[in-house]
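K.L.:
My file is my_file_38.pdb. It has PDB, C-alpha atoms:
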MODEL        1
ATOM      1  CA  MET A   1     108.845  -8.954  23.379  1.00  0.00           C
ATOM      2  CA  GLY A   2     107.720  -7.118  20.258  1.00  0.00           C
ATOM      3  CA  LYS A   3     104.565  -5.135  19.712  1.00  0.00           C
ATOM      4  CA  PRO A   4     101.896  -6.417  17.318  1.00  0.00           C
ATOM      5  CA  LYS A   5     102.118  -4.807  13.914  1.00  0.00           C
ATOM      6  CA  LYS A   6      99.134  -2.886  12.589  1.00  0.00           C
ATOM      7  CA  ARG A   7      98.217  -3.882   9.084  1.00  0.00           C
ATOM      8  CA  ALA A   8      96.583  -1.563   6.604  1.00  0.00           C
ATOM      9  CA  LYS A   9      93.164  -2.649   5.356  1.00  0.00           C
ATOM     10  CA  THR A  10      93.304  -3.640   1.720  1.00  0.00           C
ATOM     11  CA  PHE A  11      90.482  -3.574  -0.779  1.00  0.00           C
ATOM     12  CA  GLN A  12      89.275  -6.980  -1.878  1.00  0.00           C
ATOM     13  CA  TYR A  13      89.093  -6.751  -5.632  1.00  0.00           C
ATOM     14  CA  ASN A  14      87.872 -10.303  -6.068  1.00  0.00           C
ATOM     15  CA  LYS A  15      84.524  -9.655  -4.312  1.00  0.00           C
ATOM     16  CA  ASN A  16      81.535  -8.293  -6.178  1.00  0.00           C
ATOM     17  CA  ARG A  17      79.759  -6.167  -3.563  1.00  0.00           C
ATOM     18  CA  ARG A  18      76.621  -5.589  -5.649  1.00  0.00           C
ATOM     19  CA  LYS A  19      76.205  -9.309  -6.258  1.00  0.00           C
ATOM     20  CA  ALA A  20      76.719 -10.081  -2.555  1.00  0.00           C
ATOM     21  CA  TRP A  21      74.158  -7.433  -1.535  1.00  0.00           C
ATOM     22  CA  LYS A  22      71.552  -8.798  -3.977  1.00  0.00           C
ATOM     23  CA  LYS A  23      72.199 -12.313  -2.743  1.00  0.00           C
ATOM     24  CA  SER A  24      71.684 -11.230   0.866  1.00  0.00           C
ATOM     25  CA  LYS A  25      68.315  -9.674  -0.015  1.00  0.00           C
ATOM     26  CA  LYS A  26      67.142 -12.756  -1.922  1.00  0.00           C
ATOM     27  CA  MET A  27      64.712 -15.127  -0.203  1.00  0.00           C
ATOM     28  CA  PRO A  28      66.364 -18.265   1.143  1.00  0.00           C
ATOM     29  CA  ASN A  29      65.479 -21.607  -0.364  1.00  0.00           C
ATOM     30  CA  ILE A  30      62.837 -23.246   1.837  1.00  0.00           C
ATOM     31  CA  GLU A  31      63.265 -27.026   1.933  1.00  0.00           C
ATOM     32  CA  CYS A  32      60.081 -27.895   3.845  1.00  0.00           C
ATOM     33  CA  ASP A  33      57.098 -28.199   1.475  1.00  0.00           C
ATOM     34  CA  LYS A  34      54.518 -27.320   4.139  1.00  0.00           C
ATOM     35  CA  VAL A  35      56.275 -24.109   5.128  1.00  0.00           C
ATOM     36  CA  LYS A  36      56.937 -23.248   1.485  1.00  0.00           C
ATOM     37  CA  ALA A  37      53.248 -23.601   0.599  1.00  0.00           C
ATOM     38  CA  ALA A  38      52.114 -21.353   3.469  1.00  0.00           C
ATOM     39  CA  TRP A  39      54.841 -18.726   2.968  1.00  0.00           C
ATOM     40  CA  ASP A  40      53.726 -15.202   2.024  1.00  0.00           C
ATOM     41  CA  GLU A  41      56.372 -13.281   0.064  1.00  0.00           C
ATOM     42  CA  LYS A  42      54.945  -9.906   1.085  1.00  0.00           C
ATOM     43  CA  LYS A  43      55.438 -10.508   4.811  1.00  0.00           C
ATOM     44  CA  SER A  44      58.602 -10.584   6.856  1.00  0.00           C
ATOM     45  CA  VAL A  45      60.228 -13.790   8.036  1.00  0.00           C
ATOM     46  CA  SER A  46      59.216 -13.258  11.658  1.00  0.00           C
ATOM     47  CA  HIS A  47      55.595 -12.455  10.715  1.00  0.00           C
ATOM     48  CA  ASN A  48      55.351 -15.531   8.462  1.00  0.00           C
ATOM     49  CA  LEU A  49      56.723 -17.817  11.146  1.00  0.00           C
ATOM     50  CA  GLN A  50      54.482 -16.281  13.803  1.00  0.00           C
ATOM     51  CA  GLU A  51      51.423 -16.892  11.615  1.00  0.00           C
ATOM     52  CA  MET A  52      52.421 -20.525  11.170  1.00  0.00           C
ATOM     53  CA  GLY A  53      52.874 -20.997  14.901  1.00  0.00           C
ATOM     54  CA  ILE A  54      56.601 -21.571  14.545  1.00  0.00           C
ATOM     55  CA  SER A  55      59.114 -19.815  16.749  1.00  0.00           C
ATOM     56  CA  MET A  56      61.742 -17.659  15.117  1.00  0.00           C
ATOM     57  CA  ASP A  57      63.807 -17.368  18.297  1.00  0.00           C
ATOM     58  CA  PRO A  58      63.289 -20.221  20.752  1.00  0.00           C
ATOM     59  CA  ASN A  59      65.176 -18.282  23.415  1.00  0.00           C
ATOM     60  CA  LEU A  60      62.351 -15.738  23.464  1.00  0.00           C
ATOM     61  CA  THR A  61      59.548 -18.282  23.138  1.00  0.00           C
ATOM     62  CA  LEU A  62      60.762 -20.660  25.826  1.00  0.00           C
ATOM     63  CA  LYS A  63      62.520 -18.195  28.039  1.00  0.00           C
ATOM     64  CA  ILE A  64      64.595 -19.685  30.833  1.00  0.00           C
ATOM     65  CA  PRO A  65      64.413 -17.351  33.801  1.00  0.00           C
ATOM     66  CA  LYS A  66      67.621 -16.208  35.454  1.00  0.00           C
ATOM     67  CA  ALA A  67      68.200 -16.646  39.174  1.00  0.00           C
ATOM     68  CA  LYS A  68      67.483 -12.956  39.847  1.00  0.00           C
ATOM     69  CA  GLU A  69      64.159 -13.181  37.998  1.00  0.00           C
ATOM     70  CA  ILE A  70      63.159 -16.259  39.987  1.00  0.00           C
ATOM     71  CA  ILE A  71      63.934 -14.500  43.267  1.00  0.00           C
ATOM     72  CA  HIS A  72      62.025 -11.382  42.239  1.00  0.00           C
ATOM     73  CA  SER A  73      59.051 -13.416  41.030  1.00  0.00           C
ATOM     74  CA  HIS A  74      58.876 -15.221  44.366  1.00  0.00           C
ATOM     75  CA  LEU A  75      58.956 -11.890  46.161  1.00  0.00           C
ATOM     76  CA  LYS A  76      56.208 -10.406  44.005  1.00  0.00           C
ATOM     77  CA  GLU A  77      54.038 -13.558  44.000  1.00  0.00           C
ATOM     78  CA  SER A  78      52.171 -12.419  40.919  1.00  0.00           C
ATOM     79  CA  ASP A  79      51.132 -15.215  38.581  1.00  0.00           C
ATOM     80  CA  ASP A  80      49.264 -13.013  36.103  1.00  0.00           C
ATOM     81  CA  GLU A  81      52.453 -11.965  34.262  1.00  0.00           C
ATOM     82  CA  MET A  82      52.856 -13.338  30.733  1.00  0.00           C
ATOM     83  CA  ASP A  83      55.732 -13.682  28.310  1.00  0.00           C
ATOM     84  CA  THR A  84      56.036 -11.078  25.586  1.00  0.00           C
ATOM     85  CA  THR A  85      55.425 -13.706  22.925  1.00  0.00           C
ATOM     86  CA  GLN A  86      52.168 -14.814  24.517  1.00  0.00           C
ATOM     87  CA  LYS A  87      51.018 -11.183  24.755  1.00  0.00           C
ATOM     88  CA  SER A  88      51.801 -10.535  21.101  1.00  0.00           C
ATOM     89  CA  ILE A  89      49.870 -13.628  20.024  1.00  0.00           C
ATOM     90  CA  GLU A  90      46.860 -12.651  22.107  1.00  0.00           C
ATOM     91  CA  LYS A  91      46.896  -9.062  20.795  1.00  0.00           C
ATOM     92  CA  ASN A  92      46.766 -10.221  17.196  1.00  0.00           C
ATOM     93  CA  PRO A  93      44.037 -12.890  16.816  1.00  0.00           C
ATOM     94  CA  LYS A  94      44.867 -13.398  13.124  1.00  0.00           C
ATOM     95  CA  SER A  95      48.465 -14.249  13.958  1.00  0.00           C
ATOM     96  CA  ARG A  96      47.733 -17.990  14.203  1.00  0.00           C
ATOM     97  CA  SER A  97      45.699 -18.283  11.026  1.00  0.00           C
ATOM     98  CA  LYS A  98      48.145 -20.782   9.527  1.00  0.00           C
ATOM     99  CA  SER A  99      48.615 -22.872  12.662  1.00  0.00           C
ATOM    100  CA  TYR A 100      47.917 -26.015  10.631  1.00  0.00           C
ATOM    101  CA  VAL A 101      51.533 -25.828   9.435  1.00  0.00           C
ATOM    102  CA  ALA A 102      52.873 -26.262  12.975  1.00  0.00           C
ATOM    103  CA  ASP A 103      50.372 -29.072  13.599  1.00  0.00           C
ATOM    104  CA  GLU A 104      51.466 -30.894  10.422  1.00  0.00           C
ATOM    105  CA  LEU A 105      55.142 -30.477  11.295  1.00  0.00           C
ATOM    106  CA  GLU A 106      54.508 -31.762  14.817  1.00  0.00           C
ATOM    107  CA  TYR A 107      52.564 -34.759  13.487  1.00  0.00           C
ATOM    108  CA  GLU A 108      55.358 -35.546  11.020  1.00  0.00           C
ATOM    109  CA  ALA A 109      58.006 -35.281  13.753  1.00  0.00           C
ATOM    110  CA  ASN A 110      56.089 -37.679  16.015  1.00  0.00           C
ATOM    111  CA  LEU A 111      55.787 -40.424  13.379  1.00  0.00           C
ATOM    112  CA  PRO A 112      57.834 -43.486  14.313  1.00  0.00           C
ATOM    113  CA  GLN A 113      60.849 -43.934  12.096  1.00  0.00           C
ATOM    114  CA  GLU A 114      62.357 -47.199  11.019  1.00  0.00           C
ATOM    115  CA  GLN A 115      65.734 -47.897  12.462  1.00  0.00           C
ATOM    116  CA  GLN A 116      68.133 -48.044   9.562  1.00  0.00           C
ATOM    117  CA  LEU A 117      71.113 -49.744  11.110  1.00  0.00           C
ATOM    118  CA  ARG A 118      73.874 -50.813   8.769  1.00  0.00           C
ATOM    119  CA  LEU A 119      77.396 -51.963   9.462  1.00  0.00           C
ATOM    120  CA  SER A 120      80.339 -50.710   7.462  1.00  0.00           C
ATOM    121  CA  GLN A 121      81.891 -52.963   4.848  1.00  0.00           C
ATOM    122  CA  PRO A 122      85.029 -53.737   6.930  1.00  0.00           C
ATOM    123  CA  GLU A 123      82.842 -54.758   9.891  1.00  0.00           C
ATOM    124  CA  VAL A 124      80.699 -56.984   7.676  1.00  0.00           C
ATOM    125  CA  SER A 125      83.783 -58.662   6.224  1.00  0.00           C
ATOM    126  CA  PHE A 126      85.161 -59.125   9.777  1.00  0.00           C
ATOM    127  CA  CYS A 127      81.918 -60.808  10.903  1.00  0.00           C
ATOM    128  CA  VAL A 128      81.772 -63.014   7.801  1.00  0.00           C
ATOM    129  CA  TYR A 129      85.421 -64.044   8.236  1.00  0.00           C
ATOM    130  CA  MET A 130      84.908 -64.898  11.907  1.00  0.00           C
ATOM    131  CA  LEU A 131      81.699 -66.841  11.274  1.00  0.00           C
ATOM    132  CA  GLU A 132      83.296 -68.760   8.405  1.00  0.00           C
ATOM    133  CA  LYS A 133      86.397 -69.662  10.382  1.00  0.00           C
ATOM    134  CA  TYR A 134      85.081 -70.229  13.916  1.00  0.00           C
ATOM    135  CA  GLY A 135      81.301 -70.572  13.725  1.00  0.00           C
ATOM    136  CA  GLU A 136      79.969 -69.615  17.181  1.00  0.00           C
ATOM    137  CA  ASP A 137      83.237 -69.974  19.149  1.00  0.00           C
ATOM    138  CA  TYR A 138      83.710 -66.409  20.402  1.00  0.00           C
ATOM    139  CA  LYS A 139      86.684 -67.229  22.635  1.00  0.00           C
ATOM    140  CA  ALA A 140      88.629 -68.469  19.631  1.00  0.00           C
ATOM    141  CA  MET A 141      87.560 -65.369  17.684  1.00  0.00           C
ATOM    142  CA  CYS A 142      89.064 -63.057  20.279  1.00  0.00           C
ATOM    143  CA  ARG A 143      92.464 -64.786  19.852  1.00  0.00           C
ATOM    144  CA  ASP A 144      92.415 -64.460  16.050  1.00  0.00           C
ATOM    145  CA  LYS A 145      95.081 -62.310  14.377  1.00  0.00           C
ATOM    146  CA  LYS A 146      92.407 -60.292  12.513  1.00  0.00           C
ATOM    147  CA  ASN A 147      90.965 -59.093  15.821  1.00  0.00           C
ATOM    148  CA  TYR A 148      92.977 -55.870  15.500  1.00  0.00           C
ATOM    149  CA  TYR A 149      91.094 -53.957  18.165  1.00  0.00           C
ATOM    150  CA  GLN A 150      91.482 -56.801  20.688  1.00  0.00           C
ATOM    151  CA  ASP A 151      87.765 -57.120  21.259  1.00  0.00           C
ATOM    152  CA  THR A 152      86.611 -59.397  24.053  1.00  0.00           C
ATOM    153  CA  PRO A 153      84.432 -62.439  23.272  1.00  0.00           C
ATOM    154  CA  LYS A 154      81.335 -60.543  24.445  1.00  0.00           C
ATOM    155  CA  GLN A 155      82.140 -57.579  22.188  1.00  0.00           C
ATOM    156  CA  ILE A 156      82.624 -59.862  19.189  1.00  0.00           C
ATOM    157  CA  ARG A 157      79.406 -61.715  20.026  1.00  0.00           C
ATOM    158  CA  ARG A 158      77.507 -58.408  20.200  1.00  0.00           C
ATOM    159  CA  ARG A 159      78.962 -57.297  16.858  1.00  0.00           C
ATOM    160  CA  ILE A 160      77.983 -60.585  15.189  1.00  0.00           C
ATOM    161  CA  MET A 161      74.487 -60.430  16.713  1.00  0.00           C
ATOM    162  CA  THR A 162      74.134 -56.927  15.266  1.00  0.00           C
ATOM    163  CA  PHE A 163      75.264 -58.275  11.893  1.00  0.00           C
ATOM    164  CA  LYS A 164      72.676 -61.057  12.112  1.00  0.00           C
ATOM    165  CA  SER A 165      69.916 -58.584  13.040  1.00  0.00           C
ATOM    166  CA  ILE A 166      70.356 -56.661   9.774  1.00  0.00           C
ATOM    167  CA  PRO A 167      68.572 -58.692   7.080  1.00  0.00           C
ATOM    168  CA  ALA A 168      69.901 -56.578   4.208  1.00  0.00           C
ATOM    169  CA  GLN A 169      73.444 -57.602   5.095  1.00  0.00           C
ATOM    170  CA  TYR A 170      72.950 -61.029   6.690  1.00  0.00           C
ATOM    171  CA  GLN A 171      70.745 -62.573   3.965  1.00  0.00           C
ATOM    172  CA  PRO A 172      73.422 -62.378   1.222  1.00  0.00           C
ATOM    173  CA  TYR A 173      75.835 -64.115   3.594  1.00  0.00           C
ATOM    174  CA  LEU A 174      73.341 -66.919   4.209  1.00  0.00           C
ATOM    175  CA  ALA A 175      72.653 -67.228   0.474  1.00  0.00           C
ATOM    176  CA  SER A 176      76.368 -67.520  -0.312  1.00  0.00           C
ATOM    177  CA  LYS A 177      76.796 -70.131   2.398  1.00  0.00           C
ATOM    178  CA  LYS A 178      74.238 -72.541   0.822  1.00  0.00           C
TER     179      LYS A 178
ENDMDL
END
Represent the structure of the file as structure tokens.

P.N.:
Amino acid sequence: MGKPKKRAKTFQYNKNRRKAWKKSKKMPNIECDKVKAAWDEKKSVSHNLQEMGISMDPNLTLKIPKAKEIIHSHLKESDDEMDTTQKSIEKNPKSRSKSYVADELEYEANLPQEQQLRLSQPEVSFCVYMLEKYGEDYKAMCRDKKNYYQDTPKQIRRRIMTFKSIPAQYQPYLASKK
């Protein structure tokens, strides 16, 4: 068995180090409009997020105690201990001055979203073919040669019911049938 060969480090001529350094120092593009509006260029990322009430590191904010810590906390029986993040927020009363951002983000996340279910084109064509040829006879559909995946009658029925529940795809089929 041979030994691994040590390779000499080579200089990468195709990389512009100055350009890469400037790019790393540049502010990232913030997609969220609410965060972008409340962002202060003069402050650090962690300070900005702390002001908005957003966690930079969820592992520190919602710390999961280890088994040793749980055992020690039960031995000490002291409930007045606080997380470091809670202490830092309480020390600096101005730190939550932009808490409306977190409230707006939470409100937006809790809004109910419409279910946008759509079948792929091959599945739609499969359903249309089966409905055209067999109507509602699912047992005959399962024996068809185009049932490549050997779906059972219940599986085919479920797929066709899904197709029928999507008006954007089922309505054109009904219109073409008339």

K.L.:
Any chance you could work out the residue set of the PyMOL selection byres ((chain A and resi 126) around 12) here, as a list in words?

P.N.:
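Here the PyMOL selection byres ((chain A and resi 126) around 12) matches Leu119, Ser120, Gln121, Pro122, Glu123, Val124, Ser125, Cys127, Val128, Tyr129, Met130, Leu131, Glu132, Lys133, Tyr134, Met141, Cys142, Asp144, Lys145, Lys146, Asn147, Tyr148, Tyr149, Asp151, Ile156, Arg159, Ile160 and Phe163 of chain A.
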
K.L.:
Please tabulate, as a Markdown table, the residues of region 98-145 of chain A that come within 8 Å of region 44-58 of chain A, each with its closest pair of atoms and the distance in Å to one decimal, counting all atoms listed in the file and ordering rows by chain, then residue number upward.

P.N.:
| residue | atom | partner | partner_atom | distance |
| --- | --- | --- | --- | --- |
| A:Lys98 | CA | A:Met52 | CA | 4.6 |
| A:Ser99 | CA | A:Met52 | CA | 4.7 |
| A:Tyr100 | CA | A:Met52 | CA | 7.1 |
| A:Val101 | CA | A:Met52 | CA | 5.6 |
| A:Ala102 | CA | A:Gly53 | CA | 5.6 |

K.L.:
Quick check, in Å to one decimal: how far apart do CA of Ser176 (chain A) and CA of Pro153 (chain A) lie?

P.N.:
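Calculated distance between CA of Ser176 (chain A) and CA of Pro153 (chain A) is 25.4 Å.
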
K.L.:
Rounded to one decimal, what separation in Å do you get between CA of Gln115 (chain A) and CA of Ile166 (chain A)?

P.N.:
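Separation of CA of Gln115 (chain A) and CA of Ile166 (chain A): 10.3 Å.
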
K.L.:
Give me the box for region 19-38 of chain A as lines of an AutoDock Vina configuration file, namely the centre and edge lengths in Å to one decimal of a box along x, y and z that holds every listed atom plus 4 Å on each side.

P.N.:
center_x = 64.4
center_y = -17.8
center_z = -0.6
size_x = 32.6
size_y = 28.8
size_z = 19.4

K.L.:
Compile the contact shell of Cys32 (chain A) as a ChimeraX atom specification: residues with an atom at most 12 Å away, counting only C-alpha atoms, same-chain residues fewer than 2 positions apart removed.

P.N.:
/A:28-30,34-39,101-102,104-105,108

K.L.:
Could you tell me how far CA of Asn14 (chain A) sits from CA of Met27 (chain A), in Å to one decimal place?

P.N.:
24.4 Å
